[in-house]
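Below: run_38.tsv (TSV, C-alpha atoms)
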chain	number	residue	atom	x	y	z
N	1	MET	CA	118.41	103.84	65.71
N	2	ILE	CA	120.98	105.32	68.15
N	3	GLY	CA	121.53	109.08	68.22
N	4	GLY	CA	120.81	111.69	65.58
N	5	SER	CA	117.79	113.37	67.16
N	6	THR	CA	116.86	115.63	70.06
N	7	ALA	CA	114.55	115.35	73.05
N	8	GLU	CA	112.35	118.13	71.67
N	9	THR	CA	111.95	116.42	68.30
N	10	GLU	CA	111.20	113.03	69.82
N	11	LEU	CA	108.66	114.34	72.32
N	12	ALA	CA	106.92	116.26	69.54
N	13	GLY	CA	106.53	112.99	67.66
N	14	LEU	CA	104.78	111.22	70.55
N	15	SER	CA	101.07	111.44	71.34
N	16	ALA	CA	98.43	109.64	73.37
N	17	TRP	CA	98.53	105.91	72.74
N	18	ALA	CA	95.90	105.04	70.13
N	19	ASP	CA	95.90	101.24	70.47
N	20	ARG	CA	94.17	101.12	73.86
N	21	ALA	CA	93.92	97.65	75.37
N	22	ILE	CA	90.66	98.32	77.19
N	23	ALA	CA	88.64	101.52	77.44
N	24	PRO	CA	89.66	103.32	80.66
N	25	ALA	CA	86.02	103.54	81.74
N	26	LEU	CA	85.72	99.75	81.60
N	27	GLY	CA	88.99	98.17	82.65
N	28	ILE	CA	88.65	94.86	84.45
N	29	THR	CA	84.92	94.14	84.73
N	30	ALA	CA	83.04	93.71	88.00
N	31	THR	CA	82.13	90.20	86.88
N	32	GLU	CA	85.80	89.27	86.58
N	33	ARG	CA	86.57	90.77	89.99
N	34	GLU	CA	83.71	88.85	91.60
N	35	ALA	CA	85.03	85.64	90.04
N	36	ARG	CA	88.43	86.44	91.55
N	37	MET	CA	86.86	86.75	95.00
N	38	ASP	CA	84.99	83.48	94.54
N	39	ARG	CA	88.25	81.75	93.69
N	40	ALA	CA	89.97	83.36	96.66
N	41	LEU	CA	87.26	82.04	98.96
N	42	ALA	CA	87.62	78.54	97.51
N	43	LEU	CA	91.38	78.66	98.02
N	44	THR	CA	90.88	80.05	101.53
N	45	ASP	CA	88.70	77.05	102.31
N	46	ASP	CA	91.37	74.73	100.89
N	47	LEU	CA	93.80	76.41	103.28
N	48	GLY	CA	91.54	75.50	106.19
N	49	ALA	CA	90.52	79.10	106.90
N	50	ASP	CA	87.04	80.59	107.28
N	51	ALA	CA	87.79	84.14	106.08
N	52	LEU	CA	90.42	86.18	104.23
N	53	LEU	CA	91.69	89.65	105.17
N	54	VAL	CA	93.21	91.61	102.24
N	55	ASP	CA	95.11	94.84	102.94
N	56	ALA	CA	95.39	97.99	100.82
N	57	GLY	CA	97.82	97.70	97.93
N	58	ALA	CA	98.10	95.61	94.79
N	59	SER	CA	96.04	92.68	96.11
N	60	LEU	CA	93.13	94.84	97.24
N	61	ARG	CA	93.22	96.53	93.83
N	62	TYR	CA	93.20	93.09	92.19
N	63	PHE	CA	89.94	92.15	93.92
N	64	THR	CA	88.11	95.48	94.17
N	65	GLY	CA	89.71	97.93	91.74
N	66	LEU	CA	90.67	100.22	94.64
N	67	PRO	CA	93.93	101.92	93.53
N	68	TRP	CA	95.10	102.82	97.04
N	69	GLY	CA	98.50	102.17	98.48
N	70	GLN	CA	99.18	101.16	102.04
N	71	THR	CA	99.38	103.92	104.66
N	72	GLU	CA	99.41	104.11	108.44
N	73	ARG	CA	95.58	103.94	108.40
N	74	LEU	CA	94.03	100.48	108.11
N	75	VAL	CA	92.12	99.92	104.87
N	76	SER	CA	91.27	96.25	104.43
N	77	MET	CA	88.64	93.92	103.03
N	78	LEU	CA	87.31	90.89	104.87
N	79	LEU	CA	86.04	88.10	102.63
N	80	ALA	CA	83.84	85.33	104.02
N	81	PRO	CA	81.52	82.83	102.29
N	82	GLY	CA	77.87	83.72	101.70
N	83	ARG	CA	78.06	87.44	102.39
N	84	LYS	CA	79.05	90.75	100.83
N	85	PRO	CA	82.71	91.72	101.30
N	86	ILE	CA	83.29	93.92	104.34
N	87	MET	CA	85.48	96.96	103.67
N	88	ILE	CA	87.07	98.63	106.67
N	89	CYS	CA	88.26	102.20	106.08
N	90	PRO	CA	88.57	105.65	107.69
N	91	HIS	CA	85.22	107.41	107.87
N	92	PHE	CA	86.48	110.54	106.11
N	93	GLU	CA	87.58	108.42	103.11
N	94	ILE	CA	84.13	106.92	102.38
N	95	GLY	CA	83.36	109.26	99.47
N	96	THR	CA	86.63	108.54	97.70
N	97	LEU	CA	86.30	104.84	98.50
N	98	GLU	CA	82.87	104.63	96.90
N	99	ALA	CA	84.12	106.50	93.81
N	100	ASP	CA	87.09	104.14	93.37
N	101	LEU	CA	85.49	100.77	94.14
N	102	ALA	CA	84.61	98.53	91.19
N	103	VAL	CA	82.54	96.01	93.19
N	104	PRO	CA	79.77	96.32	95.81
N	105	VAL	CA	80.91	96.03	99.43
N	106	GLU	CA	79.62	96.65	102.92
N	107	ILE	CA	81.52	99.61	104.35
N	108	ARG	CA	82.41	99.73	108.04
N	109	SER	CA	84.24	102.91	108.94
N	110	TRP	CA	86.22	104.22	111.89
N	111	GLN	CA	86.85	107.73	113.14
N	112	GLU	CA	90.37	109.01	113.75
N	113	ASP	CA	90.16	108.45	117.51
N	114	GLU	CA	88.81	104.89	117.15
N	115	ASP	CA	90.62	101.58	116.73
N	116	PRO	CA	90.09	100.02	113.27
N	117	VAL	CA	91.23	96.63	114.56
N	118	ALA	CA	88.09	96.55	116.72
N	119	LEU	CA	86.03	96.54	113.52
N	120	VAL	CA	87.99	93.54	112.25
N	121	LEU	CA	87.50	91.70	115.53
N	122	ASP	CA	83.77	92.48	115.60
N	123	ALA	CA	83.36	91.20	112.03
N	124	LEU	CA	85.28	88.00	112.80
N	125	ALA	CA	83.07	87.35	115.82
N	126	GLU	CA	79.95	88.05	113.76
N	127	ILE	CA	81.08	85.62	111.05
N	128	GLY	CA	82.14	83.07	113.63
N	129	ALA	CA	85.54	82.65	112.00
N	130	LYS	CA	87.80	80.16	113.76
N	131	THR	CA	90.72	80.60	111.33
N	132	LEU	CA	91.60	83.80	109.48
N	133	ALA	CA	93.93	83.95	106.46
N	134	ILE	CA	95.96	87.17	106.67
N	135	ASP	CA	97.37	89.04	103.69
N	136	PRO	CA	101.18	88.74	104.01
N	137	GLU	CA	101.45	92.45	103.15
N	138	LEU	CA	99.41	93.48	106.22
N	139	PRO	CA	101.70	95.48	108.55
N	140	PHE	CA	102.98	93.41	111.46
N	141	HIS	CA	101.50	95.65	114.15
N	142	PHE	CA	97.98	95.27	112.76
N	143	ALA	CA	98.38	91.49	112.42
N	144	GLU	CA	99.63	91.18	115.99
N	145	ARG	CA	96.76	93.22	117.38
N	146	ILE	CA	94.29	91.03	115.49
N	147	ARG	CA	96.06	87.92	116.77
N	148	SER	CA	95.95	89.06	120.38
N	149	GLY	CA	92.33	90.21	120.24
N	150	ALA	CA	90.69	87.48	118.17
N	151	SER	CA	89.62	84.02	119.18
N	152	ALA	CA	90.42	82.97	115.62
N	153	ARG	CA	93.72	81.36	114.62
N	154	LEU	CA	95.74	83.32	112.02
N	155	VAL	CA	97.40	81.73	108.97
N	156	ASP	CA	99.41	83.13	106.07
N	157	ALA	CA	97.23	83.91	103.03
N	158	MET	CA	100.19	83.94	100.62
N	159	PRO	CA	99.11	80.64	98.96
N	160	VAL	CA	95.66	82.11	98.30
N	161	ILE	CA	96.81	85.47	96.94
N	162	LYS	CA	99.67	83.96	94.95
N	163	GLN	CA	97.41	81.43	93.22
N	164	CYS	CA	94.86	84.11	92.34
N	165	ARG	CA	97.21	86.79	91.04
N	166	MET	CA	99.96	84.89	89.23
N	167	VAL	CA	97.72	83.57	86.40
N	168	LYS	CA	96.49	86.48	84.28
N	169	SER	CA	93.21	86.75	82.40
N	170	ALA	CA	92.90	87.91	78.80
N	171	ALA	CA	92.02	91.42	80.02
N	172	GLU	CA	95.11	91.55	82.23
N	173	LEU	CA	97.33	90.35	79.40
N	174	ALA	CA	95.91	93.08	77.17
N	175	LEU	CA	96.64	95.80	79.74
N	176	MET	CA	100.17	94.50	80.22
N	177	GLN	CA	100.71	94.36	76.46
N	178	GLN	CA	99.75	98.01	76.16
N	179	ALA	CA	102.09	99.04	78.99
N	180	LYS	CA	105.00	97.11	77.51
N	181	SER	CA	104.38	98.38	73.98
N	182	MET	CA	104.32	101.95	75.27
N	183	THR	CA	107.59	101.50	77.15
N	184	LEU	CA	109.27	99.93	74.13
N	185	GLU	CA	108.28	102.99	72.08
N	186	VAL	CA	109.82	105.20	74.78
N	187	HIS	CA	113.00	103.11	74.59
N	188	ARG	CA	113.16	103.72	70.83
N	189	ALA	CA	112.85	107.46	71.31
N	190	ALA	CA	115.40	107.50	74.14
N	191	ALA	CA	118.00	105.75	71.98
N	192	ARG	CA	117.59	108.42	69.31
N	193	ILE	CA	118.37	111.35	71.65
N	194	LEU	CA	121.74	109.97	72.79
N	195	ARG	CA	124.81	112.07	72.03
N	196	PRO	CA	128.31	112.47	73.49
N	197	GLY	CA	128.05	114.43	76.72
N	198	ILE	CA	124.39	113.77	77.45
N	199	ARG	CA	123.90	113.04	81.13
N	200	GLN	CA	122.05	110.15	82.65
N	201	SER	CA	119.64	112.55	84.36
N	202	GLU	CA	118.70	114.10	81.00
N	203	VAL	CA	117.75	110.69	79.66
N	204	VAL	CA	115.79	109.85	82.82
N	205	HIS	CA	113.81	113.10	82.56
N	206	PHE	CA	113.16	112.49	78.87
N	207	ILE	CA	111.90	108.94	79.51
N	208	ASP	CA	109.47	110.19	82.14
N	209	ALA	CA	108.19	112.91	79.81
N	210	ALA	CA	107.90	110.46	76.91
N	211	HIS	CA	105.80	108.06	78.99
N	212	ARG	CA	103.53	110.98	79.87
N	213	ARG	CA	103.19	111.95	76.21
N	214	LEU	CA	101.93	108.44	75.51
N	215	GLY	CA	99.31	108.71	78.26
N	216	ALA	CA	100.99	107.03	81.23
N	217	SER	CA	101.44	108.89	84.51
N	218	GLY	CA	105.17	108.99	83.84
N	219	SER	CA	107.81	106.33	84.41
N	220	SER	CA	107.10	103.93	87.25
N	221	PHE	CA	110.89	103.70	87.59
N	222	CYS	CA	113.95	104.43	85.44
N	223	ILE	CA	117.57	103.29	85.50
N	224	VAL	CA	120.01	104.83	83.02
N	225	GLN	CA	123.66	103.79	83.25
N	226	PHE	CA	126.67	104.39	81.01
N	227	GLY	CA	129.99	102.55	80.77
N	228	GLN	CA	131.35	100.94	83.92
N	229	ALA	CA	128.14	101.70	85.85
N	230	THR	CA	126.36	99.06	83.75
N	231	ALA	CA	128.25	96.43	85.81
N	232	PHE	CA	125.89	97.13	88.72
N	233	PRO	CA	122.43	95.58	88.22
N	234	HIS	CA	120.64	98.60	89.67
N	235	GLY	CA	123.30	101.14	88.81
N	236	LEU	CA	125.51	103.52	90.75
N	237	PRO	CA	124.78	106.95	92.22
N	238	GLY	CA	125.97	109.96	90.28
N	239	ASP	CA	125.17	111.60	86.97
N	240	ARG	CA	127.59	110.42	84.31
N	241	ALA	CA	128.03	111.90	80.85
N	242	LEU	CA	127.96	109.56	77.86
N	243	GLU	CA	131.15	108.95	75.93
N	244	GLU	CA	131.87	107.32	72.59
N	245	GLY	CA	132.64	103.61	72.90
N	246	GLN	CA	130.50	103.01	75.99
N	247	LEU	CA	127.68	100.63	76.72
N	248	VAL	CA	124.28	102.13	77.48
N	249	LEU	CA	121.89	100.29	79.80
N	250	ILE	CA	118.35	101.64	80.16
N	251	ASP	CA	115.75	99.87	82.32
N	252	THR	CA	112.33	101.50	82.66
N	253	GLY	CA	108.60	100.94	82.77
N	254	CYS	CA	105.15	102.42	83.29
N	255	THR	CA	101.69	101.25	84.35
N	256	VAL	CA	98.36	100.95	82.56
N	257	GLN	CA	95.43	100.64	84.97
N	258	GLY	CA	97.94	99.42	87.53
N	259	TYR	CA	99.63	96.77	85.34
N	260	HIS	CA	103.38	97.11	84.88
N	261	SER	CA	105.93	97.15	82.11
N	262	ASP	CA	109.64	96.65	82.80
N	263	ILE	CA	111.99	96.51	79.80
N	264	THR	CA	115.78	96.78	79.58
N	265	ARG	CA	117.99	97.42	76.58
N	266	THR	CA	121.80	97.32	76.55
N	267	TYR	CA	123.59	98.60	73.45
N	268	ALA	CA	126.77	100.14	72.17
N	269	PHE	CA	127.19	103.86	71.70
N	270	GLY	CA	129.87	103.85	69.05
N	271	ASP	CA	132.40	101.04	68.79
N	272	VAL	CA	132.98	98.75	71.78
N	273	ALA	CA	135.57	96.03	72.41
N	274	GLN	CA	135.14	92.54	70.97
N	275	ASP	CA	134.90	90.90	74.41
N	276	ILE	CA	131.90	93.13	75.18
N	277	ARG	CA	130.29	92.01	71.94
N	278	ASP	CA	131.02	88.38	72.82
N	279	ILE	CA	129.37	88.72	76.24
N	280	TRP	CA	126.39	90.47	74.66
N	281	ALA	CA	125.97	87.47	72.33
N	282	VAL	CA	126.05	85.06	75.28
N	283	GLU	CA	123.39	87.16	77.05
N	284	LYS	CA	121.21	87.02	73.94
N	285	GLU	CA	121.60	83.23	73.75
N	286	ALA	CA	120.80	82.80	77.47
N	287	GLN	CA	117.65	84.92	77.16
N	288	GLN	CA	116.48	82.80	74.22
N	289	ALA	CA	117.28	79.56	76.08
N	290	ALA	CA	115.13	80.70	79.01
N	291	PHE	CA	112.28	81.49	76.61
N	292	ASP	CA	112.59	78.11	74.90
N	293	ALA	CA	112.53	76.29	78.26
N	294	VAL	CA	109.04	77.49	79.15
N	295	ARG	CA	106.59	74.57	79.12
N	296	PRO	CA	103.32	74.25	81.06
N	297	GLY	CA	103.77	71.88	83.97
N	298	GLU	CA	107.52	72.37	84.26
N	299	PRO	CA	108.81	74.04	87.45
N	300	CYS	CA	109.75	77.72	87.32
N	301	GLU	CA	113.31	76.86	88.32
N	302	SER	CA	113.81	74.96	85.05
N	303	VAL	CA	113.79	78.27	83.13
N	304	ASP	CA	116.56	79.69	85.30
N	305	ALA	CA	118.53	76.46	84.87
N	306	ALA	CA	118.29	76.67	81.07
N	307	ALA	CA	119.80	80.16	81.02
N	308	ARG	CA	122.63	79.10	83.33
N	309	VAL	CA	123.55	76.16	81.07
N	310	VAL	CA	124.35	78.68	78.34
N	311	LEU	CA	126.42	80.79	80.71
N	312	ALA	CA	128.35	77.80	82.04
N	313	LYS	CA	129.26	76.71	78.51
N	314	ALA	CA	130.71	80.18	77.97
N	315	GLY	CA	132.84	79.83	81.11
N	316	LEU	CA	130.69	82.13	83.25
N	317	GLY	CA	129.56	81.48	86.81
N	318	PRO	CA	128.85	78.92	88.11
N	319	ASP	CA	125.75	79.75	90.15
N	320	TYR	CA	125.97	83.41	91.21
N	321	ALA	CA	129.74	83.75	90.86
N	322	LEU	CA	131.02	86.60	88.69
N	323	PRO	CA	131.63	87.08	85.86
N	324	GLY	CA	128.17	85.63	85.42
N	325	LEU	CA	124.55	86.04	86.45
N	326	PRO	CA	124.26	87.51	89.97
N	327	HIS	CA	120.50	87.14	90.40
N	328	ARG	CA	117.46	85.12	89.27
N	329	THR	CA	116.60	84.87	85.58
N	330	GLY	CA	113.18	86.46	85.99
N	331	HIS	CA	110.27	87.53	88.15
N	332	GLY	CA	106.52	87.45	87.88
N	333	ILE	CA	104.87	90.73	86.95
N	334	GLY	CA	101.38	92.18	87.01
N	335	LEU	CA	99.90	94.68	89.47
N	336	SER	CA	103.26	94.49	91.25
N	337	ILE	CA	106.44	94.91	89.28
N	338	HIS	CA	107.96	91.92	91.12
N	339	GLU	CA	105.53	89.22	92.24
N	340	PRO	CA	105.33	85.43	92.48
N	341	ALA	CA	106.24	83.16	90.88
N	342	TYR	CA	110.01	83.56	90.24
N	343	LEU	CA	112.37	82.06	87.69
N	344	VAL	CA	114.97	80.98	90.23
N	345	ARG	CA	116.39	77.79	91.61
N	346	GLY	CA	114.16	76.52	94.40
N	347	ASP	CA	110.89	77.87	93.01
N	348	ARG	CA	109.13	74.71	91.92
N	349	THR	CA	105.82	76.39	91.13
N	350	PRO	CA	104.50	74.65	87.98
N	351	LEU	CA	104.29	76.91	84.95
N	352	GLU	CA	100.69	77.58	83.89
N	353	PRO	CA	99.17	79.32	80.87
N	354	GLY	CA	98.62	82.97	81.76
N	355	MET	CA	101.65	83.33	84.02
N	356	CYS	CA	103.82	86.33	83.11
N	357	PHE	CA	107.55	86.77	83.68
N	358	SER	CA	110.50	88.97	82.98
N	359	ASN	CA	113.33	87.21	81.12
N	360	GLU	CA	116.59	88.93	82.11
N	361	PRO	CA	119.60	86.65	82.76
N	362	MET	CA	121.99	89.61	83.20
N	363	ILE	CA	125.72	89.05	82.82
N	364	VAL	CA	128.05	91.12	85.01
N	365	VAL	CA	131.78	91.50	84.43
N	366	PRO	CA	132.88	93.16	87.68
N	367	GLY	CA	134.58	96.52	87.38
N	368	ARG	CA	134.03	96.71	83.63
N	369	PHE	CA	130.48	96.33	82.31
N	370	GLY	CA	127.20	94.49	82.47
N	371	VAL	CA	124.68	93.37	79.85
N	372	ARG	CA	121.00	92.98	80.65
N	373	LEU	CA	118.42	92.21	77.99
N	374	GLU	CA	114.99	92.20	79.58
N	375	ASP	CA	111.78	91.42	77.80
N	376	HIS	CA	108.62	89.89	79.16
N	377	MET	CA	106.83	86.73	78.19
N	378	TYR	CA	103.69	84.85	79.14
N	379	VAL	CA	103.00	81.15	79.25
N	380	THR	CA	100.68	79.63	76.65
N	381	GLU	CA	99.38	76.07	76.22
N	382	THR	CA	102.43	75.20	74.12
N	383	GLY	CA	105.26	77.34	75.49
N	384	ALA	CA	106.04	81.03	75.85
N	385	ARG	CA	105.08	84.12	73.88
N	386	TRP	CA	106.89	87.46	73.94
N	387	PHE	CA	105.09	90.65	74.86
N	388	THR	CA	107.87	92.59	73.13
N	389	GLU	CA	110.34	91.50	70.48
N	390	PRO	CA	113.83	91.08	71.97
N	391	GLN	CA	116.79	93.21	71.01
N	392	VAL	CA	118.27	92.32	67.64
N	393	ALA	CA	121.98	93.11	68.06
N	394	ILE	CA	124.33	95.15	70.22
N	395	ASP	CA	124.21	97.91	67.59
N	396	ARG	CA	120.49	97.46	66.84
N	397	PRO	CA	118.39	97.77	70.00
N	398	PHE	CA	115.12	97.33	68.09
N	399	ALA	CA	113.78	95.23	65.27

How does the structure come out when it is put into structure tokens?
Amino acid sequence: MIGGSTAETELAGLSAWADRAIAPALGITATEREARMDRALALTDDLGADALLVDAGASLRYFTGLPWGQTERLVSMLLAPGRKPIMICPHFEIGTLEADLAVPVEIRSWQEDEDPVALVLDALAEIGAKTLAIDPELPFHFAERIRSGASARLVDAMPVIKQCRMVKSAAELALMQQAKSMTLEVHRAAARILRPGIRQSEVVHFIDAAHRRLGASGSSFCIVQFGQATAFPHGLPGDRALEEGQLVLIDTGCTVQGYHSDITRTYAFGDVAQDIRDIWAVEKEAQQAAFDAVRPGEPCESVDAAARVVLAKAGLGPDYALPGLPHRTGHGIGLSIHEPAYLVRGDRTPLEPGMCFSNEPMIVVPGRFGVRLEDHMYVTETGARWFTEPQVAIDRPFA
């Protein structure tokens, strides 16, 4: 499972992923996207707002299928009851916009020497909106210009967008399952190419190439750390060479139709000290305790608390003190790699079927090593279900 192969051999053994979740030409259906917008409007009304402005990025993709990131140019959708969504975009982008959209919209465009905020203000006046819910990801300068120019009151749309996006449909779960299964296969291949002297950068490049061989657009991110560098949750700069008797920590992911994977494995390359093995066992127990604590209706923070009980019994912590767990136990995941809700003290969002989380109660021993086991799970009617099977043992990264 660890070592014994080469990058060339492993890449040659990978090919386009055969078990596709959903045909690329179909993806999330227009009917599902329209239902999402209907729910958003209902939640906007509950918020006391008359309309919702969604900016380019993951949330706009969630509603319309538009895979555009945020830039300095305003690209936003205005949702209001009883009418077609209004899409505001640069005039020269209309052709690409129409090709990328998965739902019908009314397009209102602006030329480069025109003010796009004026289009928002005109639409608000036309609708007669007295209160506008603003996407929390909208850049501040656009929000302020809307605030100063509109007669409408502005409110934070986070409750609307959070409630829509954090509970995944069957189609979303299928896309996430494919992404996570692909990344786990890349992890398997990466473990096999390890050898004394291999550099972190070599592994990073291999992981990106392996994701591409499987049909992803490469790694969405990649962290590879050896030895003492594993004690830093997001690693250290530099390009270390692997030595016998070190821990290996690899954290990586990809996307499938915008939906993320994010999996970490920590394992021994050769023989490691007994105290490292003992900490690894505590990490494994804490990850399982967090999984077992998932119950619909319970607050998200209860999952974090369950992991920390295990750590406290092992003499780690308390709270964020080290040696121990320096961050939350997990994060929501979907079209954003980190999104609400969060498995952390203070997040009392009730767990619901369809919510998806990382489960990664990392243990850090400062100056020496860290162990992070990260798999993802989703909430069902009776508890949690793994997307990927957790690591088996410190010397066996995969089942």

Under the rule that all atoms listed in the file are counted, which of N:Pro318, N:Gly332, N:Gly346, N:Gly82 is the nearest residue to His260 of chain N?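 For His260 of chain N, the nearest of the candidates is N:Gly332.
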
One-decimal distance in Å that lies between atom CA of Phe142 of chain N and atom CA of Leu101 of chain N: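 One can read the atom CA of Leu101 of chain N to atom CA of Phe142 of chain N distance as 23.1 Å.
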
Excluding segment 115-131 of chain N and its own-chain neighbours fewer than 5 positions away, which residues fall within 8 Å of it when counting all atoms listed in the file? Please give them as JSON, numbers by chain. {"N": [48, 49, 50, 51, 74, 78, 80, 88, 89, 108, 109, 110, 142, 145, 146, 149, 150, 151, 152, 153, 154, 155]}

May I have the protein, DNA and RNA residues with any atom at most 8 Å from the point (95.9, 109.6, 76.4), counting all atoms listed in the file, written as a compact mmCIF listing (two decimals) with C-alpha atoms, keeping the file's coordinate frame?
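part_28.txt, written as the output of this step:
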# COMPACT_ATOMS: atom_id res chain seq x y z
CA SER N 15 101.07 111.44 71.34
CA ALA N 16 98.43 109.64 73.37
CA TRP N 17 98.53 105.91 72.74
CA ALA N 18 95.90 105.04 70.13
CA ARG N 213 103.19 111.95 76.21
CA LEU N 214 101.93 108.44 75.51
CA GLY N 215 99.31 108.71 78.26
CA ALA N 216 100.99 107.03 81.23

As AutoDock Vina command-line options, please report the centre and edge lengths, rounded to one decimal in Å, of the axis-aligned box that holds all listed atoms of segment 190-200 of chain N with 5 Å of padding on each of the six sides.
--center_x 121.9 --center_y 110.1 --center_z 76.0 --size_x 22.9 --size_y 18.7 --size_z 23.3

| request: May I ask for the distance between atom CA of Tyr342 of chain N and atom CA of Thr388 of chain N, given in Å to one decimal place? | output: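 Going from atom CA of Tyr342 of chain N over to atom CA of Thr388 of chain N, I get 19.5 Å.
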
Do a neighbour search on Ala174 of chain N at 12 Å with all atoms listed in the file, toss out local chain neighbours closer than 6 positions, and write the hits as a VMD selection string. chain N and resid 19 to 23 27 to 28 168 180 to 181 256 to 257 259 to 261 334 354 356 378 387

Show me a table, sorted first by chain and then by increasing residue number, of the residues of segment 123-199 of chain N having an atom at most 12 Å from segment 64-70 of chain N, each with its shortest atom pair and the distance in Å to one decimal, counting only C-alpha atoms and written as JSON lines.
{"residue": "N:Glu137", "atom": "CA", "partner": "N:Gln70", "partner_atom": "CA", "distance": 9.1}
{"residue": "N:Leu138", "atom": "CA", "partner": "N:Gln70", "partner_atom": "CA", "distance": 8.7}
{"residue": "N:Pro139", "atom": "CA", "partner": "N:Gln70", "partner_atom": "CA", "distance": 9.0}

List every protein, DNA or RNA residue that has at least one atom no more than 8 Å from (90.4, 90.4, 96.5) in the file's coordinates, counting only C-alpha atoms, and write the result as number ranges by chain.
N: 33, 36-37, 40, 54, 59-64, 77, 79

Judged by all atoms listed in the file, the minimum distance to Lys162 of chain N among N:Pro136, N:Gly235, N:Pro361, N:Gly3 is found for N:Pro136

For this session: Could you tell me how far atom CA of Ala241 of chain N lies from atom CA of Gln200 of chain N, in Å and to one decimal?
Result: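 Straight-line distance from atom CA of Ala241 of chain N to atom CA of Gln200 of chain N works out to 6.5 Å.
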
For Thr255 of chain N, the closest of N:His331, N:Arg212, N:Arg295, N:Arg240 counting all atoms listed in the file is N:Arg212

Judged by only C-alpha atoms, the minimum distance to Met377 of chain N among N:Leu343, N:Val204, N:Ala35, N:Ala306 is found for N:Leu343
